[in-house]
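Pasting upload-v4.cif here (mmCIF, C-alpha atoms):
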```cif
data_final
loop_
_atom_site.label_atom_id
_atom_site.label_comp_id
_atom_site.auth_asym_id
_atom_site.auth_seq_id
_atom_site.Cartn_x
_atom_site.Cartn_y
_atom_site.Cartn_z
CA MET A 20 0.00 0.00 0.00
CA LEU A 21 2.93 2.35 0.57
CA GLU A 22 3.95 1.97 -3.06
CA LEU A 23 0.38 2.55 -4.20
CA ALA A 24 0.21 5.72 -2.10
CA ILE A 25 3.52 6.97 -3.51
CA LEU A 26 2.41 6.32 -7.09
CA GLY A 27 -0.99 7.87 -6.43
CA PHE A 28 0.30 11.07 -4.86
CA LEU A 29 2.89 11.47 -7.63
CA ARG A 30 0.11 10.98 -10.19
CA ASP A 31 -1.52 14.02 -8.60
CA GLN A 32 1.64 16.11 -8.92
CA PRO A 33 5.44 15.95 -8.64
CA LEU A 34 6.56 16.21 -5.01
CA HIS A 35 9.63 16.64 -2.89
CA GLY A 36 10.34 13.65 -0.65
CA TYR A 37 9.32 15.50 2.52
CA ASP A 38 6.04 16.64 0.97
CA LEU A 39 5.35 13.08 -0.17
CA ARG A 40 6.10 11.74 3.32
CA THR A 41 3.67 14.26 4.85
CA ARG A 42 0.87 13.23 2.47
CA VAL A 43 1.48 9.50 2.92
CA ALA A 44 1.54 9.94 6.70
CA ALA A 45 -1.77 11.83 6.61
CA LEU A 46 -3.37 9.02 4.60
CA MET A 47 -1.76 5.97 6.21
CA GLY A 48 0.16 7.16 9.28
CA HIS A 49 -2.65 6.56 11.75
CA VAL A 50 -2.36 2.86 10.94
CA ARG A 51 1.37 2.56 10.59
CA PRO A 52 3.80 5.44 10.98
CA VAL A 53 5.76 6.22 7.84
CA ALA A 54 9.45 6.36 8.71
CA ASP A 55 12.19 7.60 6.42
CA GLY A 56 13.67 4.10 6.63
CA THR A 57 10.51 2.78 5.00
CA LEU A 58 9.63 5.57 2.59
CA TYR A 59 12.98 6.22 0.94
CA PRO A 60 13.77 2.56 0.18
CA ALA A 61 10.30 2.31 -1.40
CA ILE A 62 11.05 5.40 -3.50
CA LYS A 63 14.35 3.83 -4.57
CA ARG A 64 12.57 0.56 -5.56
CA LEU A 65 10.02 2.47 -7.62
CA ALA A 66 12.77 4.49 -9.31
CA THR A 67 14.74 1.31 -10.06
CA ALA A 68 11.60 -0.19 -11.60
CA GLY A 69 11.33 2.89 -13.83
CA TRP A 70 8.08 4.09 -12.29
CA LEU A 71 9.36 7.40 -10.97
CA LEU A 72 12.18 9.83 -11.66
CA ARG A 73 14.22 11.75 -9.12
CA LYS A 74 15.51 15.13 -10.29
CA ASP A 75 17.51 17.68 -8.34
CA GLU A 76 16.05 21.16 -8.77
CA PRO A 77 16.98 24.50 -7.24
CA GLY A 78 15.45 24.91 -3.78
CA ALA A 79 13.67 27.97 -2.44
CA ALA A 80 16.69 28.58 -0.18
CA ALA A 81 20.21 27.54 -1.18
CA ALA A 82 20.04 23.75 -1.18
CA PRO A 83 18.69 21.87 -4.20
CA ARG A 84 15.56 19.81 -3.71
CA ARG A 85 15.13 16.31 -5.06
CA MET A 86 11.77 16.27 -6.80
CA LEU A 87 9.93 13.05 -7.62
CA TYR A 88 8.02 12.61 -10.88
CA LEU A 89 5.80 9.76 -12.01
CA THR A 90 6.84 8.24 -15.34
CA GLN A 91 4.46 6.92 -17.99
CA ASP A 92 5.38 3.39 -16.85
CA GLY A 93 4.62 4.46 -13.29
CA GLN A 94 1.22 5.73 -14.33
CA GLU A 95 0.50 2.44 -16.07
CA GLU A 96 1.60 0.52 -12.96
CA LEU A 97 -0.66 2.66 -10.76
CA GLU A 98 -3.61 2.01 -13.07
CA ARG A 99 -2.85 -1.73 -13.08
CA ARG A 100 -2.81 -1.83 -9.28
CA LEU A 101 -6.04 0.14 -9.10
CA ARG A 102 -7.80 -1.88 -11.79
CA ASP A 103 -6.86 -5.29 -10.34
CA PRO A 104 -6.31 -4.98 -6.59
CA ALA A 105 -5.50 -8.03 -4.47
CA ASP A 106 -8.32 -9.54 -2.43
CA LEU A 107 -6.69 -8.21 0.75
CA ASP A 108 -6.82 -4.69 -0.72
CA ILE A 109 -10.58 -5.11 -1.02
CA SER A 110 -11.22 -6.74 2.38
CA ASP A 111 -8.81 -4.87 4.67
CA GLU A 112 -10.31 -1.51 5.61
CA ASN A 113 -7.02 0.37 5.80
CA ARG A 114 -5.78 -1.01 2.49
CA TRP A 115 -9.20 -0.29 0.97
CA PHE A 116 -9.04 3.36 2.04
CA THR A 117 -5.65 3.76 0.39
CA LEU A 118 -6.98 2.18 -2.81
CA LEU A 119 -10.11 4.33 -2.67
CA ALA A 120 -8.04 7.52 -2.27
CA PHE A 121 -6.65 7.06 -5.78
CA LEU A 122 -9.43 5.19 -7.60
CA ARG A 123 -10.29 8.38 -9.51
CA HIS A 124 -7.10 7.83 -11.51
CA LEU A 125 -8.85 4.99 -13.33
CA THR A 126 -10.43 6.99 -16.12
CA ASP A 127 -12.91 4.35 -17.25
CA PRO A 128 -15.99 4.32 -15.00
CA LYS A 129 -16.45 0.63 -15.85
CA ASP A 130 -13.09 -0.15 -14.23
CA GLN A 131 -13.98 1.98 -11.21
CA ALA A 132 -17.34 0.22 -10.90
CA ASN A 133 -15.72 -3.22 -11.10
CA VAL A 134 -13.52 -2.41 -8.10
CA LEU A 135 -16.46 -0.96 -6.15
CA ARG A 136 -18.56 -4.05 -6.92
CA ARG A 137 -15.83 -6.27 -5.47
CA ARG A 138 -15.94 -4.25 -2.24
CA LEU A 139 -19.74 -4.37 -2.25
CA THR A 140 -19.70 -8.16 -2.61
CA PHE A 141 -17.26 -8.42 0.29
CA LEU A 142 -19.34 -6.16 2.55
CA GLU A 143 -22.59 -7.97 1.80
CA GLN A 144 -21.24 -11.23 3.25
CA PRO A 145 -22.31 -11.90 6.86
CA THR A 146 -19.37 -11.25 9.17
CA SER A 147 -18.45 -10.35 12.71
CA PHE A 148 -15.44 -10.03 14.97
CA PHE A 149 -16.89 -12.82 17.12
CA TYR A 150 -18.38 -16.16 16.16
CA ASP A 151 -20.41 -18.94 17.74
CA GLY A 152 -18.92 -21.79 15.75
CA LEU A 153 -19.30 -20.56 12.16
CA ARG A 154 -22.19 -18.19 12.95
CA PRO A 155 -21.30 -14.48 13.17
CA MET A 156 -22.53 -12.97 16.45
CA ALA A 157 -24.40 -9.66 16.67
CA ALA A 158 -23.96 -6.84 19.20
CA GLU A 159 -27.18 -7.66 21.06
CA GLU A 160 -25.86 -11.13 21.87
CA PHE A 161 -23.27 -9.71 24.27
CA PRO A 162 -23.90 -8.39 27.79
CA ASP A 163 -20.48 -6.68 27.50
CA PRO A 164 -21.02 -3.02 26.51
CA PHE A 165 -17.57 -2.85 24.94
CA ARG A 166 -18.17 -5.69 22.51
CA GLN A 167 -21.62 -4.26 21.87
CA GLY A 168 -19.98 -0.93 21.06
CA LEU A 169 -17.39 -2.50 18.78
CA LEU A 170 -20.03 -4.38 16.81
CA THR A 171 -22.49 -1.47 16.77
CA ILE A 172 -19.87 0.92 15.41
CA ALA A 173 -18.65 -1.62 12.84
CA HIS A 174 -22.23 -2.28 11.70
CA ALA A 175 -22.99 1.45 11.34
CA THR A 176 -19.78 2.00 9.38
CA THR A 177 -20.58 -0.90 7.08
CA GLN A 178 -24.11 0.37 6.50
CA ALA A 179 -22.81 3.85 5.64
CA GLU A 180 -20.30 2.38 3.21
CA LEU A 181 -22.95 0.15 1.60
CA THR A 182 -25.17 3.18 1.07
CA TRP A 183 -22.27 5.11 -0.47
CA LEU A 184 -21.31 2.17 -2.70
CA HIS A 185 -24.86 1.74 -4.04
CA THR A 186 -25.18 5.49 -4.68
CA THR A 187 -21.81 5.77 -6.38
CA LEU A 188 -22.31 2.67 -8.52
CA ALA A 189 -25.60 4.11 -9.73
CA THR A 190 -23.80 7.24 -10.94
CA LEU A 191 -20.90 5.55 -12.74
CA LYS A 192 -21.61 5.19 -16.43
CA PRO A 193 -19.20 3.98 -19.09
CA ARG A 194 -17.72 6.73 -21.28
CA GLY A 195 -20.10 7.74 -24.03
CA GLU A 196 -23.19 6.32 -22.30
CA GLY A 197 -25.85 8.98 -21.92
CA GLU A 198 -24.07 11.30 -24.37
CA LYS A 199 -25.45 12.19 -27.80
#
```

Please lay out the structure from this file as structure tokens.
Amino acid sequence: MLELAILGFLRDQPLHGYDLRTRVAALMGHVRPVADGTLYPAIKRLATAGWLLRKDEPGAAAAPRRMLYLTQDGQEELERRLRDPADLDISDENRWFTLLAFLRHLTDPKDQANVLRRRLTFLEQPTSFFYDGLRPMAAEEFPDPFRQGLLTIAHATTQAELTWLHTTLATLKPRGEGEK
């Protein structure tokens, strides 16, 4: 997901490494802090793969700044990752949010809708954090107010996302559809 975030933010605009780190941390840092020891090796891997370019440019003060640019190959890689995300990217909430942050970079609404339908299918399956055998348990089955709270909040979040998914899917139309 770190690589996806890097590619996605650079698709938005070229960035200096510090600016990129700030944006990645805002998106993903609440889940896992983004350290320089993680970010810069990822940038180096992406540059080695030919997906981004690093260019030294004059800085606002005296020191040059190393700017990062997405290459055409990098844009294609971003689109590939967005178009065909791994199952874990669909089912894990934090990975899903990172994917969702850049899904607009898929220009074909059909591709966007396919990804959203995968998430919808996942969310429509009965699930819980707690099970009685194979049966998912609901909040009202627990006398514990903390488990009730956990399940109540998770249920409300899922319902809100389902509503958003249905609404958004209804608005996505393939290019050319509805045009004269």

Excluding Val53 (chain A) and any residue of its chain fewer than 2 positions from it, enumerate the residues within 9 Å of it, using only C-alpha atoms, and give them as a PyMOL selection string.
chain A and resi 21+40-41+43-44+47-48+51+55-58

At most 10 Å from (-12.5, -0.1, 5.7), file frame, only C-alpha atoms: which residues, as a VMD selection string?
chain A and resid 108 to 117 119 138 142 173 176 to 177 180

Can you spit out the residues from that selection as a PDB file, in the frame of the given file, using C-alpha atoms?
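File written: part31.pdb
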```pdb
ATOM      1  CA  ASP A 108      -6.820  -4.690  -0.720  1.00  0.00           C
ATOM      2  CA  ILE A 109     -10.580  -5.110  -1.020  1.00  0.00           C
ATOM      3  CA  SER A 110     -11.220  -6.740   2.380  1.00  0.00           C
ATOM      4  CA  ASP A 111      -8.810  -4.870   4.670  1.00  0.00           C
ATOM      5  CA  GLU A 112     -10.310  -1.510   5.610  1.00  0.00           C
ATOM      6  CA  ASN A 113      -7.020   0.370   5.800  1.00  0.00           C
ATOM      7  CA  ARG A 114      -5.780  -1.010   2.490  1.00  0.00           C
ATOM      8  CA  TRP A 115      -9.200  -0.290   0.970  1.00  0.00           C
ATOM      9  CA  PHE A 116      -9.040   3.360   2.040  1.00  0.00           C
ATOM     10  CA  THR A 117      -5.650   3.760   0.390  1.00  0.00           C
ATOM     11  CA  LEU A 119     -10.110   4.330  -2.670  1.00  0.00           C
ATOM     12  CA  ARG A 138     -15.940  -4.250  -2.240  1.00  0.00           C
ATOM     13  CA  LEU A 142     -19.340  -6.160   2.550  1.00  0.00           C
ATOM     14  CA  ALA A 173     -18.650  -1.620  12.840  1.00  0.00           C
ATOM     15  CA  THR A 176     -19.780   2.000   9.380  1.00  0.00           C
ATOM     16  CA  THR A 177     -20.580  -0.900   7.080  1.00  0.00           C
ATOM     17  CA  GLU A 180     -20.300   2.380   3.210  1.00  0.00           C
TER      18      GLU A 180
END
```

For CA of Val134 (chain A) and CA of Arg102 (chain A), determine how far apart the two atoms are, in Å to one decimal place.
6.8 Å

Might you pull out every residue within 12 Å of Trp183 (chain A), with all atoms listed in the file counted and same-chain residues fewer than 4 positions away left off, and present them as a ChimeraX atom specification?
/A:135-136,138-139,176-179,187-190

Produce a file of the selected residues containing C-alpha atoms, as a PDB file, in the frame of the given file.
```pdb
ATOM      1  CA  LEU A 135     -16.460  -0.960  -6.150  1.00  0.00           C
ATOM      2  CA  ARG A 136     -18.560  -4.050  -6.920  1.00  0.00           C
ATOM      3  CA  ARG A 138     -15.940  -4.250  -2.240  1.00  0.00           C
ATOM      4  CA  LEU A 139     -19.740  -4.370  -2.250  1.00  0.00           C
ATOM      5  CA  THR A 176     -19.780   2.000   9.380  1.00  0.00           C
ATOM      6  CA  THR A 177     -20.580  -0.900   7.080  1.00  0.00           C
ATOM      7  CA  GLN A 178     -24.110   0.370   6.500  1.00  0.00           C
ATOM      8  CA  ALA A 179     -22.810   3.850   5.640  1.00  0.00           C
ATOM      9  CA  THR A 187     -21.810   5.770  -6.380  1.00  0.00           C
ATOM     10  CA  LEU A 188     -22.310   2.670  -8.520  1.00  0.00           C
ATOM     11  CA  ALA A 189     -25.600   4.110  -9.730  1.00  0.00           C
ATOM     12  CA  THR A 190     -23.800   7.240 -10.940  1.00  0.00           C
TER      13      THR A 190
END
```

Interatomic distance (Å, one decimal) between CA of Ile62 (chain A) and CA of Thr126 (chain A):
25.0 Å

List as an MDAnalysis selection string the residues having at least one atom at most 10 Å from position (10.2, 9.0, -7.8) as given in the file, counting only C-alpha atoms.
chainID A and resid 25:26 29 33:36 39 59 61:67 69:74 85:90 93

Proximity to Leu118 (chain A) - best of A:Leu46, A:Leu23, A:Ala82, A:Leu170, all atoms listed in the file:
A:Leu23

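Going from CA of Ala54 (chain A) to CA of Asp75 (chain A) covers 22.0 Å.
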
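You can rank A:Arg42, A:Arg154, A:His49, A:His124 by their closest distance to Glu96 (chain A) using all atoms listed in the file, and at the top of that list sits A:His124.
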
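With only C-alpha atoms as the atoms that count, the residue of A:Pro60, A:Asp103, A:Glu76, A:Phe161 with the shortest distance to Gln131 (chain A) is A:Asp103.
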